[in-house]
>>> print(open('protein-v3.txt').read())   # compact mmCIF, C-alpha atoms
# COMPACT_ATOMS: atom_id res chain seq x y z
CA MET Y 840 133.72 -56.20 -39.47
CA ASP Y 841 133.13 -55.66 -43.19
CA HIS Y 842 133.43 -52.08 -44.41
CA PRO Y 843 134.46 -50.24 -47.61
CA ARG Y 844 137.95 -49.38 -46.36
CA PRO Y 845 139.92 -50.67 -49.40
CA GLY Y 846 138.36 -48.15 -51.80
CA LEU Y 847 137.55 -45.39 -49.34
CA LYS Y 848 139.24 -42.06 -50.03
CA TYR Y 849 138.85 -38.31 -49.63
CA MET Y 850 137.85 -36.62 -52.89
CA ASP Y 851 138.10 -32.86 -53.30
CA ALA Y 852 134.87 -31.52 -54.82
CA ASP Y 853 136.95 -29.62 -57.34
CA ASN Y 854 138.11 -32.97 -58.78
CA LEU Y 855 134.59 -34.23 -59.44
CA ASP Y 856 132.98 -33.96 -62.86
CA LYS Y 857 131.22 -30.59 -62.98
CA SER Y 858 129.34 -31.11 -66.22
CA THR Y 859 126.20 -32.28 -64.39
CA PHE Y 860 126.54 -30.39 -61.11
CA ASP Y 861 129.33 -28.41 -59.44
CA PHE Y 862 129.53 -29.14 -55.71
CA ASP Y 863 132.70 -27.19 -55.06
CA GLY Y 864 132.10 -24.48 -52.44
CA ILE Y 865 128.30 -24.63 -52.39
CA ASP Y 866 126.56 -23.94 -49.07
CA VAL Y 867 125.62 -26.61 -46.57
CA VAL Y 868 122.70 -25.59 -44.36
CA ASP Y 869 120.88 -27.21 -41.48
CA SER Y 870 117.21 -28.20 -41.34
CA VAL Y 871 116.07 -24.60 -40.71
CA GLY Y 872 118.35 -23.03 -43.30
CA GLU Y 873 121.16 -21.92 -41.02
CA LYS Y 874 124.52 -22.18 -42.74
CA LEU Y 875 126.87 -24.89 -41.47
CA GLY Y 876 129.63 -24.26 -43.99
CA THR Y 877 130.53 -25.07 -47.58
CA VAL Y 878 131.23 -28.28 -49.47
CA ASP Y 879 134.93 -29.11 -49.49
CA GLY Y 880 134.65 -32.67 -50.79
CA PHE Y 881 133.36 -36.16 -50.11
CA ILE Y 882 134.52 -39.44 -48.62
CA ILE Y 883 133.86 -41.89 -51.45
CA ASP Y 884 134.28 -45.61 -51.95
CA VAL Y 885 135.82 -45.27 -55.41
CA SER Y 886 135.50 -48.98 -56.11
CA GLN Y 887 131.71 -48.61 -55.96
CA ASN Y 888 131.46 -44.91 -56.80
CA ARG Y 889 129.50 -44.44 -53.60
CA PRO Y 890 129.70 -41.47 -51.18
CA TYR Y 891 129.65 -41.96 -47.40
CA HIS Y 892 130.35 -38.49 -45.98
CA VAL Y 893 130.17 -34.88 -47.05
CA VAL Y 894 133.34 -33.04 -46.04
CA VAL Y 895 132.26 -29.59 -44.83
CA GLU Y 896 134.47 -26.56 -44.31
CA GLY Y 897 132.85 -25.06 -41.26
CA GLY Y 898 134.20 -21.54 -41.11
CA HIS Y 899 134.72 -19.45 -37.97
CA TRP Y 900 131.81 -20.83 -35.95
CA TYR Y 901 133.26 -24.35 -35.85
CA LYS Y 902 136.18 -25.28 -33.61
CA HIS Y 903 137.91 -27.28 -36.37
CA LYS Y 904 138.31 -26.36 -40.04
CA HIS Y 905 136.51 -29.42 -41.43
CA PHE Y 906 133.91 -31.93 -40.25
CA LEU Y 907 131.94 -34.78 -41.78
CA ILE Y 908 128.20 -35.27 -42.24
CA PRO Y 909 126.97 -38.80 -43.05
CA ILE Y 910 125.60 -38.78 -46.57
CA GLY Y 911 122.26 -40.26 -45.51
CA HIS Y 912 121.47 -37.07 -43.59
CA VAL Y 913 121.95 -34.79 -46.59
CA ARG Y 914 119.83 -33.90 -49.60
CA LEU Y 915 120.68 -31.84 -52.67
CA ASP Y 916 118.61 -28.78 -53.53
CA ARG Y 917 119.50 -28.20 -57.18
CA ALA Y 918 117.41 -25.05 -57.54
CA GLU Y 919 119.11 -23.37 -54.59
CA LYS Y 920 122.48 -25.03 -55.38
CA ARG Y 921 123.05 -26.16 -51.83
CA LEU Y 922 123.05 -29.21 -49.58
CA THR Y 923 120.59 -29.41 -46.70
CA ALA Y 924 121.35 -31.58 -43.67
CA ASP Y 925 118.60 -32.82 -41.33
CA VAL Y 926 120.87 -31.84 -38.45
CA ARG Y 927 120.54 -28.62 -36.47
CA LYS Y 928 123.59 -26.41 -36.04
CA ALA Y 929 123.63 -27.05 -32.27
CA ARG Y 930 124.24 -30.74 -32.99
CA ALA Y 931 126.70 -30.04 -35.79
CA GLU Y 932 128.91 -28.24 -33.27
CA LYS Y 933 129.54 -31.64 -31.68
CA PHE Y 934 130.87 -33.28 -34.85
CA PRO Y 935 134.47 -34.43 -34.47
CA GLY Y 936 137.02 -32.57 -36.57
CA PHE Y 937 138.30 -34.08 -39.80
CA SER Y 938 141.84 -33.83 -41.19
CA ARG Y 939 142.09 -34.34 -44.94
CA SER Y 940 145.85 -34.88 -44.86
CA ASP Y 941 145.62 -37.54 -42.15
CA PHE Y 942 142.75 -39.51 -43.66
CA GLU Y 943 144.88 -41.90 -45.73
CA LYS Y 944 146.91 -42.74 -42.62
CA LEU Y 945 143.89 -43.96 -40.63
CA THR Y 946 143.71 -47.61 -39.65
CA ASP Y 947 140.61 -49.76 -40.11
CA SER Y 948 139.80 -49.19 -36.45
CA ASP Y 949 140.18 -45.42 -36.90
CA ILE Y 950 137.83 -45.48 -39.89
CA ASP Y 951 135.22 -47.40 -37.91
CA GLN Y 952 135.48 -45.03 -34.96
CA MET Y 953 135.14 -42.02 -37.28
CA ALA Y 954 131.92 -43.48 -38.70
CA TYR Y 955 130.55 -44.34 -35.23
CA SER Y 956 131.27 -40.96 -33.64
CA THR Y 957 129.98 -38.98 -36.61
CA ALA Y 958 126.73 -40.95 -36.91
CA ALA Y 959 126.13 -40.71 -33.16
CA VAL Y 960 125.97 -36.92 -33.35
CA CYS Y 961 123.29 -36.81 -36.05
CA CYS Y 962 120.47 -38.27 -34.01
CA ASP Y 963 119.67 -40.25 -30.87
CA ASP Y 964 119.04 -43.54 -32.67
CA ALA Y 965 120.88 -46.53 -31.22
CA ILE Y 966 123.94 -47.68 -33.16
CA ASP Y 967 124.30 -51.39 -33.85
CA ARG Y 968 128.01 -52.17 -34.04
CA ASN Y 969 127.30 -55.80 -34.85
CA VAL Y 970 126.62 -54.90 -38.46
CA SER Y 971 128.71 -52.91 -40.91
CA TRP Y 972 128.28 -49.17 -40.45
CA ALA Y 973 128.16 -48.89 -44.26
CA SER Y 974 124.72 -50.55 -44.10
CA TRP Y 975 123.30 -48.06 -41.58
CA THR Y 976 120.66 -45.58 -42.77
CA HIS Y 977 123.14 -42.83 -41.83
CA TYR Y 978 125.19 -43.91 -44.85
CA GLU Y 979 122.52 -45.11 -47.28
CA TYR Y 980 123.11 -44.32 -50.93
CA PRO Y 981 121.56 -40.90 -51.67
CA SER Y 982 119.01 -40.73 -54.47
CA TRP Y 983 120.47 -37.42 -55.67
CA TRP Y 984 123.99 -38.80 -56.20
CA ASP Y 985 124.93 -39.52 -59.82
CA ALA Y 986 127.58 -42.15 -60.47
CA SER Y 987 129.09 -39.85 -63.11
CA TYR Y 988 130.15 -37.31 -60.47
CA TYR Y 989 133.24 -39.34 -59.69
CA ARG Y 990 135.35 -40.29 -62.71
CA ALA Y 991 138.41 -42.44 -62.27
CA ASP Y 992 140.17 -40.79 -65.22
CA ARG Y 993 139.71 -37.31 -63.73
CA ASP Y 994 140.97 -38.58 -60.37
CA ALA Y 995 144.05 -40.07 -62.02
CA THR Y 996 144.79 -36.76 -63.76
CA ALA Y 997 144.53 -34.85 -60.47
CA ARG Y 998 146.85 -37.31 -58.72
CA SER Y 999 149.34 -37.11 -61.58
CA ALA Y 1000 149.39 -33.30 -61.38
CA ALA Y 1001 149.95 -33.42 -57.61
CA ALA Y 1002 152.80 -35.89 -58.05
CA SER Y 1003 154.43 -33.66 -60.68
CA THR Y 1004 154.23 -30.65 -58.36
CA ALA Y 1005 155.79 -32.64 -55.51
CA ALA Y 1006 158.59 -33.85 -57.80
CA ALA Y 1007 159.33 -30.31 -59.00
CA THR Y 1008 159.52 -29.08 -55.41
CA ALA Y 1009 161.91 -31.88 -54.46
CA THR Y 1010 164.29 -31.06 -57.34
CA ARG Y 1011 164.64 -27.31 -56.78
CA PRO Y 1012 168.22 -26.06 -56.38
CA ALA Y 1013 169.60 -25.93 -52.85
CA GLY Y 1014 168.93 -22.59 -51.20
CA SER Y 1015 165.86 -21.90 -53.29
CA ALA Y 1016 162.45 -20.99 -51.88
CA SER Y 1017 159.19 -21.06 -53.81
CA GLY Y 1018 161.20 -21.80 -56.95
CA ILE Y 1019 163.53 -18.77 -56.54
CA THR Y 1020 167.27 -19.42 -56.49
CA ALA Y 1021 169.71 -17.58 -54.23
CA ALA Y 1022 171.12 -15.77 -57.27
CA GLU Y 1023 167.66 -14.54 -58.22
CA ARG Y 1024 167.06 -13.28 -54.69
CA ASP Y 1025 170.37 -11.37 -54.75
CA ARG Y 1026 169.39 -9.78 -58.05
CA ASP Y 1027 165.97 -8.81 -56.79
CA ARG Y 1028 167.40 -7.17 -53.67
CA GLU Y 1029 168.89 -4.56 -55.98
CA LEU Y 1030 165.50 -3.70 -57.41
CA VAL Y 1031 163.05 -1.31 -55.80
CA THR Y 1032 160.15 -2.93 -53.95
CA ALA Y 1033 156.58 -1.79 -53.88
CA HIS Y 1034 154.75 0.28 -51.23
CA GLY Y 1035 157.52 2.53 -49.98
CA GLY Y 1036 159.86 0.17 -48.15
CA GLU Y 1037 157.44 -2.69 -47.66
CA THR Y 1038 158.04 -6.01 -49.40
CA SER Y 1039 156.40 -6.39 -52.80
CA PRO Y 1040 153.76 -9.13 -52.94
CA HIS Y 1041 155.17 -10.33 -56.26
CA LEU Y 1042 157.59 -13.19 -56.84
CA GLY Y 1043 161.01 -12.36 -55.43
CA GLY Y 1044 159.82 -9.10 -53.92
CA ARG Y 1045 160.27 -7.31 -57.26
CA ALA Y 1046 158.07 -4.34 -58.22
CA GLN Y 1047 155.77 -4.99 -61.16
CA PRO Y 1048 154.31 -2.67 -63.83
CA GLY Y 1049 151.52 -0.66 -62.24
CA ASP Y 1050 152.77 -1.11 -58.66
CA VAL Y 1051 152.58 2.04 -56.56
CA ILE Y 1052 156.00 2.85 -55.11
CA GLY Y 1053 156.80 5.51 -52.58
CA VAL Y 1054 153.25 5.70 -51.22
CA GLU Y 1055 154.42 8.12 -48.59
CA THR Y 1056 155.84 10.41 -51.28
CA GLY Y 1057 152.88 10.64 -53.59
CA GLY Y 1058 152.56 7.21 -55.14
CA GLU Y 1059 154.64 6.98 -58.30
CA GLN Y 1060 153.97 3.94 -60.52
CA THR Y 1061 156.31 1.52 -62.26
CA HIS Y 1062 156.02 0.82 -65.98
CA ILE Y 1063 156.96 -1.95 -68.39
CA GLY Y 1064 160.67 -1.76 -69.21
CA ASP Y 1065 161.58 0.33 -66.16
CA THR Y 1066 164.94 -0.43 -64.57
CA ALA Y 1067 165.90 -0.08 -60.93
CA LYS Y 1068 167.52 3.25 -61.83
CA ASP Y 1069 164.28 4.47 -63.44
CA GLU Y 1070 162.32 3.48 -60.35
CA ASP Y 1071 164.80 5.28 -58.08
CA GLU Y 1072 164.35 8.41 -60.17
CA TYR Y 1073 160.59 8.12 -59.88
CA ARG Y 1074 160.93 7.84 -56.11
CA ARG Y 1075 163.24 10.86 -55.85
CA ALA Y 1076 160.86 12.90 -58.01
CA GLY Y 1077 157.98 11.85 -55.81
CA GLU Y 1078 159.86 12.79 -52.65
CA LYS Y 1079 160.60 16.24 -54.06
CA ALA Y 1080 156.98 16.74 -55.03
CA ALA Y 1081 155.83 15.62 -51.61
CA ALA Y 1082 158.26 18.01 -49.93
CA LYS Y 1083 156.91 20.91 -51.97
CA ARG Y 1084 153.35 20.02 -51.02
CA ARG Y 1085 154.30 19.93 -47.33
CA ASP Y 1086 155.99 23.35 -47.65
>>> encode(input="protein-v3.txt", output="structure tokens")
Amino acid sequence: MDHPRPGLKYMDADNLDKSTFDFDGIDVVDSVGEKLGTVDGFIIDVSQNRPYHVVVEGGHWYKHKHFLIPIGHVRLDRAEKRLTADVRKARAEKFPGFSRSDFEKLTDSDIDQMAYSTAAVCCDDAIDRNVSWASWTHYEYPSWWDASYYRADRDATARSAAASTAAATATRPAGSASGITAAERDRDRELVTAHGGETSPHLGGRAQPGDVIGVETGGEQTHIGDTAKDEDEYRRAGEKAAAKRRD
């Protein structure tokens, strides 16, 4: 069966050109205005610059994190900055889940089955598997889609940045976590942490200027240039003040 598998890929909405319209995170609603989720991205045939599915982040109501809606069932409302699907929420609950990370691993057969099962949920129309699913009305090219939304140069930049991040992670020193070496962790253990004994949310667990330390003792704050000794003195002063207030 012929289908657009060679150029088909998941495209994060954040990596599309936003100069004409920004799809990232806009609402997706059903035919009566009930929210189905937000736009996460699209499944696009990059060789033709043609979308086939909207990737929707469903939120708490949906049993999976993401699902697909065939592009032919969606229209863009520019004034409201949202996508409207001609599918009621009760039907949308039956959409199969979609995994972004697994998409590139799918076989041709998997891709076909994904298209069949997704289209079958939208309506009760019979599905003709004797012709390419890409030619079905479920996946017809939307009039609101602009070929400029997807730019190969922007896509290449995003992939290059992701590759650089992966390479940096792979070359971190042994024993490091989130870019922090063992020596840095040992140093930071000697420094006071924020929130009275709880771990600081900052890199390495180190208190930062403006952090409240010793919440239980009155909430002293750290300042730029403070050392661990300074912070210990702040804590002791706070404890004394708190003791006086209790007395």
>>> closest_residue(input="protein-v3.txt", among="Y:Asn854, Y:Ser870, Y:Thr859, Y:Thr976", to="Y:Arg930", atoms="all atoms listed in the file")
Y:Ser870
>>> closest_residue(input="protein-v3.txt", among="Y:Asp869, Y:Ile966, Y:Gly846, Y:Thr946", to="Y:Arg914", atoms="all atoms listed in the file")
Y:Asp869
>>> closest_residue(input="protein-v3.txt", among="Y:Ser982, Y:Asp925, Y:Val885, Y:Asp947", to="Y:Ile908", atoms="only C-alpha atoms")
Y:Asp925
>>> atom_distance(input="protein-v3.txt", atom1="atom CA of Y:Thr877", atom2="atom CA of Y:Arg889")
20.3 Å
>>> atom_distance(input="protein-v3.txt", atom1="atom CA of Y:Glu896", atom2="atom CA of Y:Gly876")
5.4 Å
>>> atom_distance(input="protein-v3.txt", atom1="atom CA of Y:Gln887", atom2="atom CA of Y:Asp951")
18.4 Å
>>> residues_around(input="protein-v3.txt", residues="Y:Asp879", least_positions_apart="3", cutoff="8 Å", atoms="all atoms listed in the file", output="ChimeraX atom specification")
/Y:851-852,863-864,893-896
>>> closest_residue(input="protein-v3.txt", among="Y:Asn888, Y:Ser956, Y:Thr923, Y:Ser938", to="Y:His905", atoms="all atoms listed in the file")
Y:Ser938
>>> residues_around(input="protein-v3.txt", residues="Y:Pro935", least_positions_apart="5", cutoff="9 Å", atoms="all atoms listed in the file", output="ChimeraX atom specification")
/Y:903,905-907,953,956-957,960
>>> residues_around(input="protein-v3.txt", residues="Y:Tyr980", least_positions_apart="4", cutoff="8 Å", atoms="only C-alpha atoms", output="PyMOL selection string")
chain Y and resi 889-891+910-911+984
>>> residues_around(input="protein-v3.txt", residues="Y:Ala929", least_positions_apart="6", cutoff="12 Å", atoms="only C-alpha atoms", output="ChimeraX atom specification")
/Y:869-871,873-875,900-901,960-962
>>> axis_aligned_box(input="protein-v3.txt", around="stretch 903-913 of chain Y", padding_each_side="6 Å", output="lines of an AutoDock Vina configuration file")
center_x = 129.9
center_y = -33.3
center_z = -41.5
size_x = 28.8
size_y = 25.9
size_z = 22.2
>>> closest_residue(input="protein-v3.txt", among="Y:Val867, Y:Ala986, Y:Ala959, Y:Ala931", to="Y:Gly880", atoms="only C-alpha atoms")
Y:Val867
>>> decode(input="protein-v3.txt", residues="stretch 911-972 of chain Y", atoms="C-alpha atoms", output="CSV table (one decimal), in the first residue's frame")
chain,number,residue,atom,x,y,z
Y,911,GLY,CA,-9.3,16.4,8.1
Y,912,HIS,CA,-11.5,16.6,11.2
Y,913,VAL,CA,-9.9,19.8,12.4
Y,914,ARG,CA,-10.3,23.5,11.6
Y,915,LEU,CA,-8.4,26.5,12.8
Y,916,ASP,CA,-10.2,29.4,14.5
Y,917,ARG,CA,-7.7,32.2,14.2
Y,918,ALA,CA,-9.8,34.7,16.1
Y,919,GLU,CA,-10.2,32.4,19.1
Y,920,LYS,CA,-6.7,31.0,18.6
Y,921,ARG,CA,-7.8,27.4,18.9
Y,922,LEU,CA,-8.5,24.2,16.9
Y,923,THR,CA,-12.0,22.8,16.7
Y,924,ALA,CA,-12.5,19.1,15.9
Y,925,ASP,CA,-15.8,17.8,14.5
Y,926,VAL,CA,-15.6,15.0,17.1
Y,927,ARG,CA,-17.4,15.0,20.4
Y,928,LYS,CA,-15.5,14.4,23.6
Y,929,ALA,CA,-17.2,11.0,24.2
Y,930,ARG,CA,-15.7,9.8,20.9
Y,931,ALA,CA,-12.3,11.3,21.6
Y,932,GLU,CA,-12.1,9.2,24.7
Y,933,LYS,CA,-11.8,6.2,22.4
Y,934,PHE,CA,-8.8,7.5,20.5
Y,935,PRO,CA,-5.7,5.2,21.0
Y,936,GLY,CA,-2.8,6.7,22.9
Y,937,PHE,CA,0.2,8.1,21.1
Y,938,SER,CA,3.8,7.9,22.2
Y,939,ARG,CA,6.0,10.6,20.7
Y,940,SER,CA,9.2,8.8,21.6
Y,941,ASP,CA,8.1,5.6,20.0
Y,942,PHE,CA,6.8,7.1,16.8
Y,943,GLU,CA,10.1,6.8,14.8
Y,944,LYS,CA,10.4,3.1,15.8
Y,945,LEU,CA,7.0,2.2,14.2
Y,946,THR,CA,7.0,-0.1,11.2
Y,947,ASP,CA,5.0,0.6,8.0
Y,948,SER,CA,2.3,-1.8,9.3
Y,949,ASP,CA,2.2,0.1,12.6
Y,950,ILE,CA,1.8,3.4,10.8
Y,951,ASP,CA,-1.1,2.0,8.8
Y,952,GLN,CA,-2.8,0.6,11.8
Y,953,MET,CA,-2.4,3.9,13.7
Y,954,ALA,CA,-4.1,5.7,10.8
Y,955,TYR,CA,-6.9,3.1,10.6
Y,956,SER,CA,-7.7,3.0,14.3
Y,957,THR,CA,-7.6,6.8,14.7
Y,958,ALA,CA,-9.8,7.4,11.7
Y,959,ALA,CA,-12.3,4.8,12.8
Y,960,VAL,CA,-13.0,6.6,16.0
Y,961,CYS,CA,-13.9,9.9,14.3
Y,962,CYS,CA,-17.0,8.8,12.6
Y,963,ASP,CA,-19.0,5.7,11.5
Y,964,ASP,CA,-18.0,6.0,7.8
Y,965,ALA,CA,-16.7,2.8,6.3
Y,966,ILE,CA,-12.9,2.6,5.8
Y,967,ASP,CA,-11.6,1.4,2.5
Y,968,ARG,CA,-8.3,-0.3,3.1
Y,969,ASN,CA,-7.8,-1.0,-0.6
Y,970,VAL,CA,-6.7,2.6,-1.1
Y,971,SER,CA,-4.0,4.6,0.6
Y,972,TRP,CA,-5.3,6.1,3.9
